[in-house]
file work25.csv (CSV, C-alpha atoms and all ligand atoms)
chain,number,residue,atom,x,y,z
K,842,MET,CA,20.8,23.7,6.0
K,843,LYS,CA,19.5,20.2,6.6
K,844,ASN,CA,17.2,19.6,9.5
K,845,GLU,CA,18.0,17.2,12.3
K,846,ASP,CA,15.9,14.3,10.9
K,847,SER,CA,17.6,14.5,7.5
K,848,VAL,CA,21.1,14.5,9.1
K,849,LYS,CA,20.1,11.4,11.1
K,850,PHE,CA,18.6,9.6,8.1
K,851,ILE,CA,21.7,10.3,6.0
K,852,THR,CA,24.0,9.2,8.8
K,853,ALA,CA,21.9,6.0,9.3
K,854,LEU,CA,22.3,5.0,5.6
K,855,GLU,CA,25.9,5.9,5.4
K,856,THR,CA,26.8,4.0,8.6
K,857,GLY,CA,24.3,1.1,8.2
K,858,ASP,CA,22.6,2.0,11.4
K,859,ARG,CA,19.1,0.7,11.3
K,860,ASN,CA,18.4,1.7,14.9
K,861,LEU,CA,19.2,5.3,14.0
K,862,MET,CA,16.9,5.1,10.9
K,863,ARG,CA,14.1,3.9,13.1
K,864,GLN,CA,14.2,7.2,15.0
K,865,VAL,CA,13.6,9.2,11.8
K,866,PRO,CA,10.0,10.0,10.7
K,867,ARG,CA,9.0,8.0,7.7
K,868,ALA,CA,5.7,7.6,5.8
K,869,ASP,CA,4.2,4.4,4.3
K,870,VAL,CA,1.5,5.4,1.9
K,871,HIS,CA,1.2,2.2,-0.1
K,872,ASN,CA,0.4,-0.3,2.5
K,873,HIS,CA,-2.6,-2.8,2.5
K,874,ALA,CA,-4.0,-2.8,6.0
K,875,ALA,CA,-4.7,-6.5,6.1
K,876,LEU,CA,-1.2,-7.4,4.8
K,877,GLY,CA,1.2,-5.1,6.5
K,878,GLY,CA,2.2,-7.1,9.5
K,879,ASP,CA,5.2,-9.3,10.5
K,880,PHE,CA,4.3,-12.8,9.4
K,881,LYS,CA,6.2,-14.8,12.1
K,882,LYS,CA,5.0,-12.6,14.9
K,883,TRP,CA,1.4,-12.6,13.7
K,884,VAL,CA,1.3,-16.4,13.2
K,885,LYS,CA,2.7,-16.9,16.7
K,886,LYS,CA,0.2,-14.5,18.3
K,887,GLU,CA,-2.7,-16.3,16.5
K,888,GLY,CA,-1.3,-19.8,17.2
K,889,LEU,CA,-1.6,-20.8,13.6
K,890,ASP,CA,0.6,-23.5,12.0
K,891,LEU,CA,0.8,-21.5,8.8
K,892,ASN,CA,3.8,-21.7,6.4
K,893,GLU,CA,5.4,-18.5,5.2
K,894,GLY,CA,5.6,-20.1,1.7
K,895,ALA,CA,7.5,-18.7,-1.3
K,896,HIS,CA,9.0,-15.3,-1.6
K,897,PHE,CA,8.8,-15.1,-5.4
K,898,PHE,CA,5.6,-15.2,-7.4
K,899,PRO,CA,6.1,-15.5,-11.1
K,900,ASP,CA,2.5,-16.5,-11.3
K,901,PHE,CA,0.1,-13.9,-9.7
K,902,THR,CA,-2.3,-16.7,-8.8
K,903,ASP,CA,0.2,-18.1,-6.3
K,904,PHE,CA,0.4,-14.7,-4.6
K,905,GLN,CA,-3.5,-14.6,-4.4
K,906,ASN,CA,-3.6,-18.1,-2.9
K,907,LEU,CA,-1.2,-17.1,-0.2
K,908,VAL,CA,-3.2,-14.0,0.5
K,909,ASP,CA,-6.4,-16.1,0.8
K,910,ASN,CA,-4.6,-18.5,3.1
K,911,ILE,CA,-3.6,-15.6,5.4
K,912,PHE,CA,-7.2,-14.3,5.4
K,913,THR,CA,-9.0,-17.6,6.0
K,914,TYR,CA,-6.8,-20.4,7.3
K,915,PRO,CA,-7.8,-22.8,8.9
K,916,TYR,CA,-11.5,-22.0,8.3
K,917,ASN,CA,-13.1,-23.3,5.2
K,918,PRO,CA,-14.9,-21.0,4.7
K,919,PRO,CA,-14.8,-18.8,7.8
K,920,THR,CA,-18.0,-17.4,9.4
K,921,ASN,CA,-18.4,-13.7,9.2
K,922,LYS,CA,-17.4,-13.4,12.8
K,923,GLN,CA,-14.2,-15.4,12.2
K,924,GLN,CA,-13.4,-13.4,9.2
K,925,ARG,CA,-13.9,-10.1,11.0
K,926,ASP,CA,-11.7,-11.2,13.9
K,927,ARG,CA,-9.1,-12.3,11.4
K,928,PHE,CA,-9.1,-8.9,9.7
K,929,LEU,CA,-8.9,-7.0,12.9
K,930,SER,CA,-6.0,-9.1,14.0
K,931,LEU,CA,-4.2,-8.5,10.7
K,932,PHE,CA,-4.9,-4.7,10.8
K,933,SER,CA,-3.3,-4.6,14.3
K,934,ALA,CA,-0.3,-6.5,13.1
K,935,THR,CA,0.1,-3.8,10.4
K,936,TYR,CA,0.1,-1.0,12.9
K,937,GLU,CA,2.4,-2.8,15.3
K,938,LEU,CA,5.0,-3.5,12.6
K,939,ALA,CA,4.9,0.1,11.3
K,940,ILE,CA,5.3,1.5,14.8
K,941,SER,CA,8.1,-0.9,15.7
K,942,ASP,CA,9.9,0.2,12.5
K,943,GLY,CA,9.5,3.9,13.4
K,944,VAL,CA,7.0,4.7,10.7
K,945,THR,CA,5.2,7.9,11.8
K,946,TYR,CA,2.6,8.3,9.0
K,947,ILE,CA,0.6,5.6,7.3
K,948,GLU,CA,-2.2,5.4,4.8
K,949,PRO,CA,-3.5,1.9,5.3
K,950,GLY,CA,-5.6,0.6,2.4
K,951,TYR,CA,-8.8,-1.2,3.6
K,952,ASP,CA,-10.4,-3.5,1.0
K,953,ALA,CA,-14.0,-2.6,0.6
K,954,VAL,CA,-15.1,-6.3,0.7
K,955,ILE,CA,-14.6,-6.2,4.5
K,956,LEU,CA,-18.0,-4.5,4.8
K,957,ASP,CA,-19.6,-7.8,3.9
K,958,TYR,CA,-18.0,-9.5,6.9
K,959,TRP,CA,-19.6,-6.8,9.1
K,960,GLU,CA,-22.8,-7.8,7.4
K,961,MET,CA,-23.0,-4.4,5.7
K,962,ASP,CA,-23.3,-2.6,9.1
K,963,LEU,CA,-21.2,0.4,8.2
K,964,GLU,CA,-21.6,2.1,11.5
K,965,GLN,CA,-20.5,-0.9,13.4
K,966,MET,CA,-17.5,-1.5,11.1
K,967,ILE,CA,-16.3,2.1,11.3
K,968,SER,CA,-16.7,2.2,15.0
K,969,GLU,CA,-14.5,-0.9,15.4
K,970,LEU,CA,-11.9,0.3,12.9
K,971,LYS,CA,-11.9,3.7,14.5
K,972,ALA,CA,-11.4,2.2,18.0
K,973,GLN,CA,-8.5,0.2,16.7
K,974,VAL,CA,-6.9,3.3,15.0
K,975,ASP,CA,-7.4,5.3,18.2
K,976,LEU,CA,-5.4,2.7,20.1
K,977,TYR,CA,-2.3,3.5,18.0
K,978,SER,CA,-2.9,7.2,17.3
K,979,ASP,CA,-0.5,8.5,19.9
K,980,ARG,CA,2.3,6.7,18.1
K,981,ILE,CA,1.5,7.0,14.4
K,982,THR,CA,-0.7,9.2,12.2
K,983,ILE,CA,-3.2,7.0,10.4
K,984,LYS,CA,-5.2,8.2,7.3
K,985,PRO,CA,-7.2,5.2,6.1
K,986,ASP,CA,-7.9,4.5,2.4
K,987,ILE,CA,-10.8,2.5,1.1
K,988,GLY,CA,-10.0,0.3,-1.8
K,989,ILE,CA,-12.1,-0.9,-4.7
K,990,ILE,CA,-11.2,-4.3,-5.9
K,991,ARG,CA,-11.2,-4.4,-9.7
K,992,VAL,CA,-13.7,-7.3,-9.9
K,993,PHE,CA,-16.4,-5.0,-8.4
K,994,ASN,CA,-19.4,-4.3,-10.6
K,995,LYS,CA,-21.6,-1.2,-10.4
K,996,LYS,CA,-23.9,-2.9,-7.8
K,997,ASP,CA,-20.9,-3.8,-5.6
K,998,ILE,CA,-19.7,-0.2,-5.7
K,999,GLU,CA,-23.1,1.2,-4.9
K,1000,ARG,CA,-23.5,-1.2,-2.0
K,1001,THR,CA,-20.1,-0.7,-0.4
K,1002,ILE,CA,-18.0,2.3,-1.7
K,1003,TYR,CA,-20.6,5.1,-1.7
K,1004,PRO,CA,-21.4,4.5,2.0
K,1005,CYS,CA,-17.7,4.4,2.8
K,1006,ILE,CA,-17.2,7.7,1.0
K,1007,GLU,CA,-20.1,9.3,3.0
K,1008,SER,CA,-18.7,7.9,6.3
K,1009,GLY,CA,-15.9,10.4,6.3
K,1010,PHE,CA,-13.6,7.8,8.0
K,1011,PHE,CA,-11.7,7.1,4.8
K,1012,LYS,CA,-9.4,9.9,3.5
K,1013,ALA,CA,-8.6,8.5,0.1
K,1014,LEU,CA,-10.1,6.1,-2.5
K,1015,ASP,CA,-7.9,3.5,-4.2
K,1016,ILE,CA,-8.4,0.8,-6.8
K,1017,PHE,CA,-6.3,-2.4,-6.6
K,1018,ALA,CA,-5.8,-6.0,-7.7
K,1019,ASP,CA,-4.9,-7.5,-11.0
K,1020,GLU,CA,-5.1,-4.5,-13.4
K,1021,ARG,CA,-6.0,-6.7,-16.3
K,1022,LEU,CA,-9.5,-7.0,-14.8
K,1023,GLY,CA,-11.8,-4.0,-14.9
K,1024,PRO,CA,-10.8,-1.0,-17.0
K,1025,PRO,CA,-10.6,2.4,-15.4
K,1026,GLU,CA,-13.6,3.7,-17.3
K,1027,ASP,CA,-15.8,1.3,-15.2
K,1028,PHE,CA,-14.9,3.3,-12.1
K,1029,GLU,CA,-14.9,6.8,-13.4
K,1030,GLU,CA,-18.1,7.8,-11.7
K,1031,VAL,CA,-17.3,6.7,-8.2
K,1032,PHE,CA,-13.9,8.4,-8.4
K,1033,HIS,CA,-15.5,11.6,-9.4
K,1034,VAL,CA,-17.9,11.4,-6.4
K,1035,ALA,CA,-15.0,10.7,-4.0
K,1036,LYS,CA,-13.1,13.7,-5.3
K,1037,GLN,CA,-16.2,15.9,-4.9
K,1038,SER,CA,-16.3,14.7,-1.3
K,1039,GLY,CA,-12.7,16.0,-0.8
K,1040,MET,CA,-11.0,12.6,-0.8
K,1041,LYS,CA,-7.6,12.0,-2.3
K,1042,LEU,CA,-7.6,9.7,-5.3
K,1043,LYS,CA,-5.1,6.9,-5.7
K,1044,GLY,CA,-4.9,4.0,-8.1
K,1045,HIS,CA,-2.9,0.9,-8.7
K,1046,ALA,CA,-1.6,1.0,-12.3
K,1047,GLY,CA,1.5,0.2,-14.1
K,1048,GLU,CA,2.4,-2.8,-12.0
K,1049,LEU,CA,1.4,-5.5,-14.5
K,1050,LEU,CA,0.3,-3.3,-17.5
K,1051,ASP,CA,2.2,-0.7,-19.6
K,1052,ALA,CA,2.9,3.0,-19.5
K,1053,ASP,CA,-0.1,3.9,-21.6
K,1054,PHE,CA,-2.4,2.2,-19.1
K,1055,VAL,CA,-0.7,4.3,-16.4
K,1056,ARG,CA,-1.5,7.5,-18.2
K,1057,ARG,CA,-5.0,6.4,-19.1
K,1058,SER,CA,-5.7,5.5,-15.4
K,1059,VAL,CA,-4.6,9.0,-14.3
K,1060,GLU,CA,-6.6,10.8,-16.9
K,1061,VAL,CA,-9.8,8.7,-16.7
K,1062,LEU,CA,-9.9,8.6,-12.9
K,1063,ASP,CA,-8.3,12.0,-12.2
K,1064,LEU,CA,-5.8,10.4,-9.9
K,1065,ASP,CA,-3.7,12.4,-7.5
K,1066,GLU,CA,-1.2,9.5,-6.9
K,1067,LEU,CA,-0.3,6.2,-8.4
K,1068,GLN,CA,0.3,3.0,-6.5
K,1069,HIS,CA,3.3,1.4,-8.3
K,1070,GLY,CA,3.1,3.1,-11.7
K,1071,ILE,CA,6.6,1.7,-12.5
K,1072,ALA,CA,5.7,0.8,-16.1
K,1073,ALA,CA,5.8,4.5,-16.8
K,1074,ALA,CA,9.7,4.2,-16.8
K,1075,LYS,CA,9.4,2.6,-20.3
K,1076,SER,CA,8.0,5.8,-21.8
K,1077,PRO,CA,9.7,9.2,-21.7
K,1078,GLU,CA,6.4,10.8,-22.7
K,1079,VAL,CA,4.4,9.3,-19.9
K,1080,MET,CA,7.2,10.2,-17.4
K,1081,ARG,CA,7.1,13.8,-18.6
K,1082,PHE,CA,3.3,13.7,-18.2
K,1083,LEU,CA,3.6,12.4,-14.6
K,1084,ALA,CA,6.4,14.9,-13.8
K,1085,ASP,CA,4.4,17.9,-15.3
K,1086,SER,CA,1.2,16.8,-13.5
K,1087,GLN,CA,3.0,16.3,-10.2
K,1088,ILE,CA,1.6,12.8,-9.8
K,1089,ARG,CA,3.5,11.0,-7.1
K,1090,LEU,CA,4.3,7.3,-7.5
K,1091,ASN,CA,4.1,5.3,-4.3
K,1092,ILE,CA,6.6,2.6,-5.1
K,1093,CYS,CA,7.3,-0.7,-3.3
K,1094,PRO,CA,10.5,-2.1,-4.6
K,1095,SER,CA,10.5,-5.5,-2.8
K,1096,SER,CA,6.9,-6.1,-3.9
K,1097,ASN,CA,7.9,-5.5,-7.6
K,1098,ILE,CA,10.9,-7.8,-7.3
K,1099,GLN,CA,9.0,-10.6,-5.6
K,1100,LEU,CA,6.1,-10.4,-8.0
K,1101,CYS,CA,8.7,-10.6,-10.8
K,1102,GLN,CA,8.0,-7.1,-12.2
K,1103,SER,CA,11.6,-6.1,-11.7
K,1104,GLU,CA,14.7,-8.3,-11.6
K,1105,SER,CA,16.6,-6.6,-8.7
K,1106,PHE,CA,17.0,-3.5,-6.6
K,1107,LYS,CA,19.8,-2.5,-9.0
K,1108,THR,CA,17.6,-2.7,-12.1
K,1109,HIS,CA,14.5,-1.4,-10.4
K,1110,PRO,CA,12.9,1.4,-12.6
K,1111,ILE,CA,12.7,3.8,-9.6
K,1112,ARG,CA,16.2,5.2,-10.7
K,1113,ILE,CA,14.9,6.0,-14.2
K,1114,LEU,CA,11.7,7.6,-12.8
K,1115,MET,CA,13.7,9.8,-10.5
K,1116,ASP,CA,16.1,10.8,-13.3
K,1117,ASN,CA,13.1,11.9,-15.3
K,1118,GLY,CA,11.8,14.1,-12.6
K,1119,VAL,CA,8.9,11.9,-11.4
K,1120,LYS,CA,8.1,12.3,-7.7
K,1121,VAL,CA,8.4,9.0,-5.9
K,1122,SER,CA,7.9,7.6,-2.4
K,1123,VAL,CA,9.1,4.3,-1.0
K,1124,ASN,CA,6.7,1.9,0.7
K,1125,THR,CA,6.1,-1.7,1.8
K,1126,ASP,CA,2.8,-2.8,0.1
K,1127,ASP,CA,2.4,-6.2,1.8
K,1128,ALA,CA,5.1,-6.7,4.4
K,1129,ILE,CA,3.4,-9.9,5.8
K,1130,ILE,CA,4.3,-11.5,2.4
K,1131,PHE,CA,7.3,-9.7,1.2
K,1132,GLY,CA,9.0,-9.6,4.6
K,1133,GLN,CA,10.5,-6.1,4.2
K,1134,LYS,CA,9.9,-3.1,6.4
K,1135,SER,CA,10.2,0.6,5.5
K,1136,THR,CA,13.7,0.7,6.9
K,1137,ASP,CA,14.7,-2.3,4.8
K,1138,GLU,CA,13.3,-0.7,1.6
K,1139,PHE,CA,15.6,2.3,2.0
K,1140,PHE,CA,18.6,0.2,2.8
K,1141,ASN,CA,17.9,-2.2,-0.1
K,1142,LEU,CA,18.0,0.8,-2.5
K,1143,TYR,CA,21.0,2.5,-0.8
K,1144,GLU,CA,23.1,-0.7,-1.0
K,1145,THR,CA,22.8,-0.8,-4.8
K,1146,GLY,CA,25.2,2.1,-4.8
K,1147,LEU,CA,22.9,3.9,-7.3
K,1148,TYR,CA,21.3,6.4,-4.9
K,1149,SER,CA,23.0,9.0,-2.6
K,1150,ALA,CA,21.8,9.2,0.9
K,1151,GLU,CA,20.6,12.7,0.2
K,1152,GLU,CA,18.4,11.5,-2.7
K,1153,LEU,CA,16.8,8.9,-0.5
K,1154,ASP,CA,16.2,11.4,2.1
K,1155,GLN,CA,14.2,13.4,-0.4
K,1156,VAL,CA,12.3,10.2,-1.3
K,1157,ARG,CA,11.6,9.8,2.4
K,1158,LEU,CA,10.3,13.4,2.7
K,1159,ASN,CA,8.2,12.9,-0.5
K,1160,GLY,CA,6.0,10.3,1.4
K,1161,PHE,CA,4.5,13.0,3.7
K,1162,PRO,CA,1.5,15.2,2.7
K,1163,SER,CA,2.8,18.4,1.1
W,1201,ZN,ZN,-0.6,-2.4,-3.5

call {"tool": "encode", "arguments": {"input": "work25.csv", "output": "structure tokens", "more": "lines below"}}
Ligand SMILES: [Zn+2]
result
Amino acid sequence: MKNEDSVKFITALETGDRNLMRQVPRADVHNHAALGGDFKKWVKKEGLDLNEGAHFFPDFTDFQNLVDNIFTYPYNPPTNKQQRDRFLSLFSATYELAISDGVTYIEPGYDAVILDYWEMDLEQMISELKAQVDLYSDRITIKPDIGIIRVFNKKDIERTIYPCIESGFFKALDIFADERLGPPEDFEEVFHVAKQSGMKLKGHAGELLDADFVRRSVEVLDLDELQHGIAAAKSPEVMRFLADSQIRLNICPSSNIQLCQSESFKTHPIRILMDNGVKVSVNTDDAIIFGQKSTDEFFNLYETGLYSAEELDQVRLNGFPS
């Protein structure tokens, strides 16, 4: 027998009732804390005359430029204090959007470079981030990730990531940004230390590179979950490996389409991955840029006619810790 939430979720999809879906618990476990807000609302709140810009990025550099603009505009460059305030405002926007969309569990990814803007005062940073998390914790469960950007060298990692691991504030370690930079082998040691500390290990792979890179990332870094991982759909062997090892793929369909890694929701590889027994969840990645909330992502897939409401309910449930 299905529980009440599943019945509500299935009815919401079948009747196109977004309000009803907002009442059903959902998880967002691939969400970059500084980029998860509602663009229009955030710009208005900050009083910025910033343009939303394009919604398709055939060139990854255009995406990076928009991100930089969101982080720093109109300062050139911002002071540490201005940059800190900007990040705190963006993190708030992320929590507010998730709550308004009815998301009940979120794993926001904080980029480790933020420590520099707190002038490497880890205690101060954690206390400010924690105070912010506490403001929302009666409405949403927040389990923060710390993310290594792939351009980090050994020194950067020692300077920022090890203290973050020791802080206990972050529950998972992630690695992100253009996967053509920085091979997984460069990060093996810090991932090992994070696992020893009881953290969950996540990694961005298979967004821009191929299925072999997905497998190599999982094996080298001992990952528990993949952010994206969609390139695995091109290899039955890699899909079997992921299914057998119970590695969940935290997929963001709108992000993949707008970054031109998939043509449409209809052709998105999530269908192939599910058909091959790979566990998937559906998430938003960077809602401030892609303009799609968790509810939208489920409707976008359902409206292709390729997924039953029951299947998407299982995808919804997959997002929660087991
Ligand atoms: Zn991501």

call {"tool": "closest_residue", "arguments": {"input": "work25.csv", "among": "K:Gln1099, K:Asn994, K:Thr982, K:Thr920", "to": "K:Val1031", "atoms": "all atoms listed in the file"}}
result
K:Asn994

call {"tool": "residues_near_ligand", "arguments": {"input": "work25.csv", "ligand": "ligand ZN 1201 (chain W)", "cutoff": "7 Å", "atoms": "only C-alpha atoms and all ligand atoms", "output": "list in words"}}
result
His871, Asn872, His873, Phe1017, His1045, Gln1068 and Asp1126 of chain K

call {"tool": "closest_residue", "arguments": {"input": "work25.csv", "among": "K:Ser978, K:Asn1141, K:Asn892, K:Ser1105", "to": "K:Tyr946", "atoms": "all atoms listed in the file"}}
result
K:Ser978

call {"tool": "atom_distance", "arguments": {"input": "work25.csv", "atom1": "atom CA of K:Ile983", "atom2": "atom CA of K:Leu1100"}}
result
27.0 Å

call {"tool": "atom_distance", "arguments": {"input": "work25.csv", "atom1": "atom CA of K:Asp957", "atom2": "atom CA of K:Tyr914"}}
result
18.3 Å

call {"tool": "build_atoms", "arguments": {"input": "work25.csv", "residues": "stretch 991-1022 of chain K", "atoms": "N, CA and C atoms", "output": "mmCIF file, keeping the file's coordinate frame"}}
result
data_model
loop_
_atom_site.group_PDB
_atom_site.id
_atom_site.type_symbol
_atom_site.label_atom_id
_atom_site.label_comp_id
_atom_site.auth_asym_id
_atom_site.auth_seq_id
_atom_site.Cartn_x
_atom_site.Cartn_y
_atom_site.Cartn_z
ATOM 1 N N ARG K 991 -10.811 -4.610 -8.331
ATOM 2 C CA ARG K 991 -11.200 -4.400 -9.700
ATOM 3 C C ARG K 991 -12.283 -5.345 -10.264
ATOM 4 N N VAL K 992 -12.617 -6.379 -9.483
ATOM 5 C CA VAL K 992 -13.700 -7.300 -9.900
ATOM 6 C C VAL K 992 -15.072 -6.721 -9.541
ATOM 7 N N PHE K 993 -15.087 -5.616 -8.801
ATOM 8 C CA PHE K 993 -16.400 -5.000 -8.400
ATOM 9 C C PHE K 993 -17.171 -4.545 -9.580
ATOM 10 N N ASN K 994 -18.494 -4.829 -9.543
ATOM 11 C CA ASN K 994 -19.400 -4.300 -10.600
ATOM 12 C C ASN K 994 -20.081 -3.044 -9.986
ATOM 13 N N LYS K 995 -20.934 -2.458 -10.815
ATOM 14 C CA LYS K 995 -21.600 -1.200 -10.400
ATOM 15 C C LYS K 995 -22.414 -1.403 -9.097
ATOM 16 N N LYS K 996 -23.066 -2.550 -9.016
ATOM 17 C CA LYS K 996 -23.900 -2.900 -7.800
ATOM 18 C C LYS K 996 -23.006 -2.947 -6.560
ATOM 19 N N ASP K 997 -21.863 -3.636 -6.701
ATOM 20 C CA ASP K 997 -20.900 -3.800 -5.600
ATOM 21 C C ASP K 997 -20.479 -2.399 -5.090
ATOM 22 N N ILE K 998 -20.194 -1.546 -6.073
ATOM 23 C CA ILE K 998 -19.700 -0.200 -5.700
ATOM 24 C C ILE K 998 -20.785 0.590 -5.003
ATOM 25 N N GLU K 999 -22.005 0.509 -5.513
ATOM 26 C CA GLU K 999 -23.100 1.200 -4.900
ATOM 27 C C GLU K 999 -23.326 0.743 -3.441
ATOM 28 N N ARG K 1000 -23.219 -0.550 -3.287
ATOM 29 C CA ARG K 1000 -23.500 -1.200 -2.000
ATOM 30 C C ARG K 1000 -22.400 -0.836 -0.976
ATOM 31 N N THR K 1001 -21.130 -0.789 -1.410
ATOM 32 C CA THR K 1001 -20.100 -0.700 -0.400
ATOM 33 C C THR K 1001 -19.307 0.681 -0.458
ATOM 34 N N ILE K 1002 -18.965 1.139 -1.659
ATOM 35 C CA ILE K 1002 -18.000 2.300 -1.700
ATOM 36 C C ILE K 1002 -18.742 3.604 -1.397
ATOM 37 N N TYR K 1003 -19.959 3.790 -1.936
ATOM 38 C CA TYR K 1003 -20.600 5.100 -1.700
ATOM 39 C C TYR K 1003 -20.841 5.310 -0.157
ATOM 40 N N PRO K 1004 -21.330 4.278 0.577
ATOM 41 C CA PRO K 1004 -21.400 4.500 2.000
ATOM 42 C C PRO K 1004 -20.104 4.799 2.700
ATOM 43 N N CYS K 1005 -19.051 4.143 2.209
ATOM 44 C CA CYS K 1005 -17.700 4.400 2.800
ATOM 45 C C CYS K 1005 -17.270 5.826 2.522
ATOM 46 N N ILE K 1006 -17.574 6.333 1.336
ATOM 47 C CA ILE K 1006 -17.200 7.700 1.000
ATOM 48 C C ILE K 1006 -17.959 8.663 1.967
ATOM 49 N N GLU K 1007 -19.263 8.385 2.121
ATOM 50 C CA GLU K 1007 -20.100 9.300 3.000
ATOM 51 C C GLU K 1007 -19.666 9.208 4.448
ATOM 52 N N SER K 1008 -19.062 8.106 4.868
ATOM 53 C CA SER K 1008 -18.700 7.900 6.300
ATOM 54 C C SER K 1008 -17.728 8.968 6.805
ATOM 55 N N GLY K 1009 -16.860 9.475 5.913
ATOM 56 C CA GLY K 1009 -15.900 10.400 6.300
ATOM 57 C C GLY K 1009 -14.651 9.812 7.012
ATOM 58 N N PHE K 1010 -14.713 8.505 7.301
ATOM 59 C CA PHE K 1010 -13.600 7.800 8.000
ATOM 60 C C PHE K 1010 -12.413 7.659 7.030
ATOM 61 N N PHE K 1011 -12.729 7.418 5.764
ATOM 62 C CA PHE K 1011 -11.700 7.100 4.800
ATOM 63 C C PHE K 1011 -11.249 8.451 4.108
ATOM 64 N N LYS K 1012 -9.951 8.649 3.982
ATOM 65 C CA LYS K 1012 -9.400 9.900 3.500
ATOM 66 C C LYS K 1012 -9.063 9.840 1.995
ATOM 67 N N ALA K 1013 -8.968 8.611 1.475
ATOM 68 C CA ALA K 1013 -8.600 8.500 0.100
ATOM 69 C C ALA K 1013 -9.325 7.247 -0.514
ATOM 70 N N LEU K 1014 -9.526 7.285 -1.834
ATOM 71 C CA LEU K 1014 -10.100 6.100 -2.500
ATOM 72 C C LEU K 1014 -8.990 5.545 -3.414
ATOM 73 N N ASP K 1015 -8.916 4.231 -3.431
ATOM 74 C CA ASP K 1015 -7.900 3.500 -4.200
ATOM 75 C C ASP K 1015 -8.574 2.454 -5.032
ATOM 76 N N ILE K 1016 -7.896 1.969 -6.051
ATOM 77 C CA ILE K 1016 -8.400 0.800 -6.800
ATOM 78 C C ILE K 1016 -7.209 -0.136 -6.928
ATOM 79 N N PHE K 1017 -7.455 -1.415 -6.685
ATOM 80 C CA PHE K 1017 -6.300 -2.400 -6.600
ATOM 81 C C PHE K 1017 -6.713 -3.722 -7.199
ATOM 82 N N ALA K 1018 -5.741 -4.617 -7.152
ATOM 83 C CA ALA K 1018 -5.800 -6.000 -7.700
ATOM 84 C C ALA K 1018 -5.401 -6.033 -9.124
ATOM 85 N N ASP K 1019 -5.394 -7.206 -9.669
ATOM 86 C CA ASP K 1019 -4.900 -7.500 -11.000
ATOM 87 C C ASP K 1019 -5.490 -6.441 -12.020
ATOM 88 N N GLU K 1020 -4.619 -5.573 -12.565
ATOM 89 C CA GLU K 1020 -5.100 -4.500 -13.400
ATOM 90 C C GLU K 1020 -5.630 -4.928 -14.771
ATOM 91 N N ARG K 1021 -5.443 -6.222 -15.050
ATOM 92 C CA ARG K 1021 -6.000 -6.700 -16.300
ATOM 93 C C ARG K 1021 -7.490 -6.954 -16.207
ATOM 94 N N LEU K 1022 -8.001 -6.872 -14.968
ATOM 95 C CA LEU K 1022 -9.500 -7.000 -14.800
ATOM 96 C C LEU K 1022 -10.022 -5.590 -14.567
#
